[in-house]
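Student: Just one file: final_26.txt, with compact mmCIF, C-alpha atoms and all ligand atoms.
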```
# COMPACT_ATOMS: atom_id res chain seq x y z
CA MET A 1274 144.72 8.94 158.33
CA PRO A 1275 143.67 11.83 160.59
CA GLU A 1276 146.82 13.74 161.42
CA LEU A 1277 147.37 16.17 164.29
CA PRO A 1278 145.78 19.15 162.45
CA GLU A 1279 142.60 17.15 161.75
CA VAL A 1280 142.44 16.02 165.38
CA GLU A 1281 142.89 19.61 166.55
CA THR A 1282 140.20 20.75 164.11
CA THR A 1283 137.91 18.03 165.49
CA ARG A 1284 138.64 19.24 169.03
CA LEU A 1285 137.67 22.79 168.08
CA GLY A 1286 134.64 21.51 166.17
CA ILE A 1287 133.08 19.45 168.94
CA SER A 1288 133.98 21.72 171.89
CA PRO A 1289 131.08 24.21 171.65
CA TYR A 1290 128.52 21.38 171.64
CA VAL A 1291 129.86 19.23 174.47
CA ILE A 1292 131.59 21.48 177.03
CA ASN A 1293 129.48 21.94 180.18
CA GLN A 1294 127.02 19.36 178.90
CA GLN A 1295 125.94 16.33 180.88
CA ILE A 1296 126.15 12.94 179.20
CA THR A 1297 122.62 11.53 179.31
CA ASP A 1298 123.11 8.29 177.44
CA VAL A 1299 125.66 6.25 175.48
CA HIS A 1300 124.83 3.85 172.67
CA VAL A 1301 127.65 1.41 171.85
CA ARG A 1302 127.15 -0.78 168.78
CA GLU A 1303 130.70 -2.11 168.46
CA ARG A 1304 133.41 -2.70 171.09
CA ARG A 1305 136.13 -4.30 169.00
CA PHE A 1306 138.64 -1.55 168.40
CA ARG A 1307 142.43 -1.35 168.40
CA TRP A 1308 142.09 -1.42 172.17
CA PRO A 1309 138.76 -3.02 173.10
CA MET A 1310 136.24 -0.60 174.46
CA PRO A 1311 135.77 -1.17 178.22
CA ASP A 1312 132.54 -2.96 179.14
CA ASP A 1313 131.70 -0.33 181.72
CA LEU A 1314 132.30 2.71 179.48
CA GLU A 1315 128.58 3.54 179.35
CA THR A 1316 128.29 3.36 183.16
CA LYS A 1317 131.40 5.49 183.59
CA LEU A 1318 130.15 8.20 181.24
CA LYS A 1319 126.44 8.43 182.06
CA GLY A 1320 125.61 11.35 184.31
CA ARG A 1321 129.05 12.93 184.04
CA THR A 1322 129.58 16.42 182.64
CA VAL A 1323 132.23 17.27 180.07
CA THR A 1324 134.23 20.12 181.55
CA GLN A 1325 137.02 20.45 178.98
CA VAL A 1326 138.08 19.08 175.61
CA GLY A 1327 141.83 18.80 175.45
CA ARG A 1328 144.28 17.07 173.15
CA ARG A 1329 147.63 15.36 173.61
CA ALA A 1330 149.29 14.15 170.42
CA LYS A 1331 146.40 12.58 168.50
CA TYR A 1332 144.37 11.72 171.60
CA LEU A 1333 141.28 13.79 172.27
CA LEU A 1334 140.78 14.12 176.02
CA LEU A 1335 137.25 14.85 177.16
CA GLN A 1336 137.52 15.70 180.81
CA CYS A 1337 134.38 14.41 182.52
CA ASP A 1338 134.37 15.64 186.11
CA ASP A 1339 136.91 13.32 187.77
CA GLY A 1340 138.08 11.31 184.76
CA PHE A 1341 138.81 11.43 181.07
CA LEU A 1342 137.31 9.91 177.97
CA MET A 1343 140.26 9.33 175.63
CA ILE A 1344 139.40 9.14 171.94
CA HIS A 1345 141.81 8.19 169.16
CA LEU A 1346 140.61 8.42 165.57
CA GLY A 1347 143.02 5.72 164.38
CA MET A 1348 143.24 5.31 160.60
CA SER A 1349 139.74 6.22 159.58
CA GLY A 1350 137.83 7.51 162.61
CA ARG A 1351 135.74 10.66 162.75
CA LEU A 1352 133.44 12.46 165.13
CA ARG A 1353 130.34 14.37 164.16
CA ILE A 1354 127.79 16.38 166.09
CA LEU A 1355 124.21 15.50 165.16
CA ASP A 1356 120.75 16.58 166.28
CA ASN A 1357 119.45 13.05 166.88
CA THR A 1358 120.42 9.37 166.84
CA ASP A 1359 118.62 8.60 163.57
CA ASN A 1360 120.17 7.31 160.37
CA VAL A 1361 122.72 4.95 161.88
CA ALA A 1362 125.01 3.67 159.13
CA LYS A 1363 127.21 0.58 159.11
CA HIS A 1364 130.32 2.03 160.73
CA ASP A 1365 128.62 4.39 163.20
CA HIS A 1366 129.84 2.57 166.29
CA VAL A 1367 129.11 4.91 169.21
CA ASP A 1368 126.64 7.71 169.98
CA ILE A 1369 127.13 9.88 173.06
CA LEU A 1370 124.00 11.86 173.93
CA PHE A 1371 124.13 15.19 175.76
CA GLY A 1372 121.73 17.22 177.86
CA ASN A 1373 121.44 19.84 175.13
CA GLY A 1374 119.98 17.22 172.77
CA LYS A 1375 123.13 16.94 170.68
CA VAL A 1376 124.68 13.62 169.76
CA MET A 1377 128.39 13.02 169.24
CA ARG A 1378 128.75 10.12 166.82
CA PHE A 1379 131.97 8.10 166.44
CA THR A 1380 132.36 6.45 163.05
CA ASP A 1381 135.35 4.26 162.26
CA PRO A 1382 135.24 1.82 159.31
CA ARG A 1383 138.65 0.28 160.00
CA ARG A 1384 138.29 0.23 163.81
CA PHE A 1385 141.89 1.26 164.47
CA GLY A 1386 140.55 4.00 166.69
CA ALA A 1387 139.75 3.78 170.38
CA MET A 1388 137.52 5.11 173.14
CA LEU A 1389 138.91 4.55 176.61
CA TRP A 1390 138.19 5.77 180.12
CA THR A 1391 140.91 6.80 182.52
CA ASP A 1392 140.74 7.98 186.12
CA THR A 1393 144.41 8.94 186.18
CA PRO A 1394 145.73 12.16 184.67
CA PRO A 1395 146.21 11.54 180.92
CA GLU A 1396 149.87 12.59 181.04
CA GLN A 1397 150.50 9.51 183.22
CA HIS A 1398 148.54 7.15 180.97
CA ALA A 1399 150.52 4.27 179.45
CA LEU A 1400 149.67 5.43 175.92
CA ILE A 1401 150.78 9.00 176.56
CA HIS A 1402 153.46 9.30 179.23
CA HIS A 1403 156.38 8.40 176.92
CA LEU A 1404 155.45 10.89 174.21
CA GLY A 1405 157.62 13.81 173.19
CA PRO A 1406 156.46 17.43 173.44
CA GLU A 1407 153.69 19.01 171.39
CA PRO A 1408 155.17 20.53 168.20
CA LEU A 1409 153.38 23.85 168.70
CA SER A 1410 154.43 24.23 172.33
CA ASP A 1411 157.35 26.34 173.52
CA ALA A 1412 159.01 23.17 174.82
CA PHE A 1413 159.64 22.15 171.21
CA ASP A 1414 162.42 24.47 170.09
CA LYS A 1415 165.88 24.38 168.50
CA ASP A 1416 167.69 23.66 171.76
CA TYR A 1417 165.40 20.75 172.62
CA LEU A 1418 165.74 19.16 169.17
CA PHE A 1419 169.49 19.72 169.07
CA GLN A 1420 169.94 18.01 172.45
CA GLN A 1421 167.70 15.10 171.45
CA ALA A 1422 169.60 14.60 168.17
CA LYS A 1423 173.03 14.27 169.81
CA GLY A 1424 174.61 10.99 168.79
CA ARG A 1425 171.58 9.97 166.70
CA LYS A 1426 172.63 8.58 163.32
CA VAL A 1427 169.04 8.03 162.18
CA ALA A 1428 167.90 10.14 159.20
CA ILE A 1429 166.48 13.50 160.25
CA LYS A 1430 163.14 12.77 158.57
CA VAL A 1431 162.70 9.50 160.47
CA PHE A 1432 163.85 11.28 163.64
CA ILE A 1433 161.22 14.04 163.54
CA MET A 1434 158.48 11.48 162.82
CA ASN A 1435 159.33 9.60 166.04
CA GLY A 1436 156.60 10.39 168.57
CA GLU A 1437 159.04 10.04 171.44
CA VAL A 1438 161.03 12.95 169.99
CA VAL A 1439 158.06 15.14 169.06
CA VAL A 1440 154.43 14.20 168.43
CA GLY A 1441 152.23 14.95 165.45
CA VAL A 1442 154.78 15.30 162.64
CA GLY A 1443 153.13 13.02 160.09
CA ASN A 1444 154.67 12.07 156.77
CA ILE A 1445 153.32 14.98 154.73
CA TYR A 1446 154.36 17.52 157.35
CA ALA A 1447 157.84 16.03 157.74
CA ASN A 1448 158.42 16.18 153.98
CA GLU A 1449 157.14 19.73 153.67
CA ALA A 1450 158.98 21.05 156.75
CA LEU A 1451 162.29 19.65 155.52
CA PHE A 1452 161.74 21.30 152.14
CA LEU A 1453 160.90 24.66 153.73
CA SER A 1454 164.02 24.49 155.89
CA GLY A 1455 166.27 23.42 152.98
CA ILE A 1456 167.47 20.30 154.78
CA SER A 1457 167.97 16.93 153.09
CA PRO A 1458 165.74 14.24 154.66
CA GLN A 1459 168.63 11.75 154.45
CA ARG A 1460 171.07 13.56 156.72
CA ALA A 1461 171.86 12.05 160.09
CA ALA A 1462 169.87 13.81 162.83
CA SER A 1463 173.08 14.55 164.73
CA SER A 1464 174.61 16.33 161.71
CA LEU A 1465 172.27 19.32 161.92
CA ASN A 1466 173.71 22.42 163.59
CA ILE A 1467 171.72 24.65 165.91
CA ASP A 1468 170.82 27.11 163.11
CA GLU A 1469 169.42 24.28 161.03
CA MET A 1470 167.45 23.05 164.04
CA GLU A 1471 166.00 26.54 164.36
CA LEU A 1472 164.91 26.51 160.70
CA LEU A 1473 163.47 23.02 161.04
CA THR A 1474 161.49 23.59 164.25
CA ALA A 1475 160.10 26.83 162.79
CA ALA A 1476 159.11 25.03 159.58
CA ILE A 1477 157.38 22.21 161.50
CA LYS A 1478 155.39 24.77 163.50
CA GLN A 1479 154.56 26.63 160.30
CA VAL A 1480 153.21 23.66 158.31
CA LEU A 1481 151.14 22.38 161.24
CA SER A 1482 149.75 25.83 162.11
CA GLN A 1483 148.80 26.41 158.49
CA ALA A 1484 147.02 23.07 158.34
CA ILE A 1485 145.07 23.81 161.53
CA LYS A 1486 144.19 27.26 160.22
CA ALA A 1487 143.02 25.80 156.91
CA GLY A 1488 140.98 23.21 158.81
CA GLY A 1489 139.45 25.98 160.85
CA THR A 1490 137.83 27.43 157.76
CA THR A 1491 135.77 24.25 157.44
CA LEU A 1492 134.59 24.51 161.05
CA ARG A 1493 131.59 26.56 160.06
CA ASP A 1494 130.28 23.47 158.32
CA PHE A 1495 131.50 21.01 160.92
CA ARG A 1496 128.04 19.68 161.58
CA LYS A 1497 127.24 19.24 157.92
CA SER A 1498 130.59 18.02 156.72
CA ASP A 1499 131.14 14.35 156.17
CA GLY A 1500 133.98 14.66 158.67
CA LYS A 1501 136.37 12.90 156.35
CA PRO A 1502 139.99 13.61 157.13
CA GLY A 1503 141.92 15.47 154.53
CA TYR A 1504 144.78 17.80 154.18
CA PHE A 1505 142.58 20.83 153.72
CA ASN A 1506 143.86 21.40 150.19
CA GLN A 1507 147.10 22.83 151.43
CA GLU A 1508 149.69 23.87 148.93
CA LEU A 1509 152.26 21.09 148.86
CA HIS A 1510 155.79 21.87 147.68
CA VAL A 1511 157.23 18.35 147.42
CA TYR A 1512 154.84 15.78 148.87
CA GLY A 1513 153.37 13.59 146.11
CA ARG A 1514 155.24 15.55 143.43
CA ALA A 1515 157.86 13.00 142.26
CA ASP A 1516 159.54 14.11 139.02
CA LYS A 1517 157.57 17.36 138.95
CA PRO A 1518 159.53 20.65 138.98
CA CYS A 1519 160.55 22.00 142.40
CA THR A 1520 158.36 25.02 143.18
CA ARG A 1521 161.50 27.00 143.97
CA CYS A 1522 164.19 25.96 141.43
CA LYS A 1523 162.43 23.72 138.86
CA THR A 1524 164.72 20.74 139.53
CA PRO A 1525 162.64 17.52 139.35
CA VAL A 1526 161.52 16.39 142.82
CA SER A 1527 163.16 13.11 143.95
CA SER A 1528 161.31 10.33 145.72
CA ILE A 1529 162.75 7.58 147.91
CA ARG A 1530 161.53 5.33 150.75
CA GLN A 1531 162.65 5.87 154.33
CA ALA A 1532 161.38 3.61 157.11
CA GLN A 1533 158.63 2.32 154.80
CA ARG A 1534 157.37 5.84 154.15
CA ALA A 1535 157.52 7.91 150.97
CA THR A 1536 160.02 10.74 151.04
CA TYR A 1537 160.01 13.60 148.53
CA PHE A 1538 162.68 16.25 148.29
CA CYS A 1539 164.43 18.65 145.98
CA PRO A 1540 168.01 17.44 145.51
CA SER A 1541 169.05 20.98 144.66
CA CYS A 1542 167.32 23.07 147.38
CA GLN A 1543 167.75 20.59 150.23
CA ARG A 1544 171.27 19.97 151.48
ZN ZN B 1 164.51 23.08 144.39
```
For the file at hand, write its structure as structure tokens.
Tutor:
Amino acid sequence: MPELPEVETTRLGISPYVINQQITDVHVRERRFRWPMPDDLETKLKGRTVTQVGRRAKYLLLQCDDGFLMIHLGMSGRLRILDNTDNVAKHDHVDILFGNGKVMRFTDPRRFGAMLWTDTPPEQHALIHHLGPEPLSDAFDKDYLFQQAKGRKVAIKVFIMNGEVVVGVGNIYANEALFLSGISPQRAASSLNIDEMELLTAAIKQVLSQAIKAGGTTLRDFRKSDGKPGYFNQELHVYGRADKPCTRCKTPVSSIRQAQRATYFCPSCQR
């Protein structure tokens, strides 16, 4: 599943080809997505110019003059920039053509993604307005997380993966950030003191920044790459390493399930 770093890498990858470009045509081959694609999307987009490519959580926000094209990559979506509309494969559902001759192609085998148009500011959109802050923003800090966690008995790992608390902390990043901060994923969110919240927020920012930076190295080949999401071959300390020695103390890594998701942690380093 494309996580926040992959979405951010996609944003950086498409930006140079679409910003300040007029949309000349839109080819839609499939409208049945997680949220059905509006019938008038082509009409809305044609003739408009993309002025900015933003992101909120995992939504890409292409500002087009007075409105926004919202794109979500869902479970398996990807965007590529091509030189023409040739070679359409089975899951290539949408092509957006630009004045510079480039084509932005949306491919999504599982169709959990979405392409929507909104005239209202994205921060007021029903899919976005309830979301917590961006993890890499200054608004996400120890004081914010400490306040949010007051009275919350839910496990800290489940807590930081809740998009209403903070967006973009996917399962791998939650596991790794808790390892780096030495905090057990099973502790109640409200049991962490302010110093632990400082360690945890810093670790979350660190793992996500590293992933974006690693993704950035593939940007050079963005147009050639298959666009498949991945974790950019990051070094993982605990994720997927059940029973393997902890990279810090050699204790075997434990694995449990929390809220239907796999949790990995070192029972010795994480308290
Ligand atoms: Zn350890």
Student: How many Å separate atom CA of A:Leu1355 from atom CA of A:Val1323?
Tutor: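 Rounded to one decimal, the two atoms are 17.0 Å apart.
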Student: As a PyMOL selection string, please: the residues near A:Ile1529 (cut-off 10 Å, only C-alpha atoms, same-chain neighbours under 2 positions excluded).
Tutor: chain A and resi 1458-1459+1515+1527+1531+1533-1538
Student: Could you give me the residues within 9 Å of ligand ZN 1 (chain B), counting all atoms listed in the file, as a list in words?
Tutor: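 Residues lying within 9 Å of ligand ZN 1 (chain B): Phe1452, Gly1455, Pro1518, Cys1519, Thr1520, Arg1521, Cys1522, Lys1523, Thr1524, Pro1525, Val1526, Phe1538, Cys1539, Pro1540, Ser1541, Cys1542 and Gln1543 of chain A.
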Student: Could you check how far atom CA of A:Leu1314 sits from atom CA of A:Gln1336, in Å to one decimal?
Tutor: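 Pair atom CA of A:Leu1314 / atom CA of A:Gln1336 returns 14.1 Å.
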Student: Select, counting all atoms listed in the file, all protein, DNA and RNA residues no farther than 10 Å from (162.4, 12.1, 170.7) in file coordinates, and express the selection as a PyMOL selection string.
Tutor: chain A and resi 1403-1406+1417-1418+1420-1422+1432-1440
Student: Quick one: everything within 9 Å of A:Gln1295, counting only C-alpha atoms, minus sequence neighbours fewer than 2 positions away in the same chain. Send it as a PyMOL selection string.
Tutor: chain A and resi 1291-1293+1297+1319-1323+1337+1370-1373
Student: Mind writing the picked residues with C-alpha atoms as a tab-separated table (two decimals), keeping the file's coordinate frame?
Tutor:
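As written to disk, result12.tsv reads:
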```
chain	number	residue	atom	x	y	z
A	1291	VAL	CA	129.86	19.23	174.47
A	1292	ILE	CA	131.59	21.48	177.03
A	1293	ASN	CA	129.48	21.94	180.18
A	1297	THR	CA	122.62	11.53	179.31
A	1319	LYS	CA	126.44	8.43	182.06
A	1320	GLY	CA	125.61	11.35	184.31
A	1321	ARG	CA	129.05	12.93	184.04
A	1322	THR	CA	129.58	16.42	182.64
A	1323	VAL	CA	132.23	17.27	180.07
A	1337	CYS	CA	134.38	14.41	182.52
A	1370	LEU	CA	124.00	11.86	173.93
A	1371	PHE	CA	124.13	15.19	175.76
A	1372	GLY	CA	121.73	17.22	177.86
A	1373	ASN	CA	121.44	19.84	175.13
```
Student: In the coordinate frame of the file, compute which residues have an atom within 8 Å of (135.9, 2.3, 161.2) when using all atoms listed in the file, and state them as a list in words.
Tutor: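 All residues meeting the 8 Å criterion around (135.9, 2.3, 161.2) are Met1348, Ser1349, Gly1350, His1364, Asp1365, His1366, Thr1380, Asp1381, Pro1382, Arg1383, Arg1384, Phe1385 and Gly1386 of chain A.
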Student: Quick check, in Å to one decimal: how far apart do atom CA of A:Val1301 and atom CA of A:Ala1330 lie?
Tutor: 25.2 Å
Student: Considering all atoms listed in the file, return as a list in words whatever protein or nucleic-acid residues lie within 12 Å of A:Glu1281, sequence-local ones (same chain, fewer than 6 positions apart) excluded.
Tutor: Pro1275, Ile1287, Ser1288, Val1326, Gly1327, Arg1328, Arg1329, Ala1330, Lys1331, Tyr1332, Leu1333, Leu1334, His1345, Leu1346, Leu1352, Glu1407, Leu1409, Gly1441, Leu1481, Ser1482, Ala1484, Ile1485, Lys1486, Ala1487, Gly1488, Gly1489, Leu1492 and Pro1502 of chain A
Student: Ranking A:Pro1309, A:Arg1530, A:Lys1430, A:Val1299 by minimum distance to A:Asn1448 and counting all atoms listed in the file, which one comes first?
Tutor: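 Distance minimum relative to A:Asn1448 lands on A:Lys1430.
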Student: Please return the centre and edge lengths, in Å to one decimal, of a box with edges along x, y and z that contains all listed atoms of stretch 1332-1344 of chain A, widened by 6 Å on every side, as lines of an AutoDock Vina configuration file.
Tutor:
```
center_x = 139.4
center_y = 12.4
center_z = 179.7
size_x = 22.0
size_y = 18.6
size_z = 28.2
```
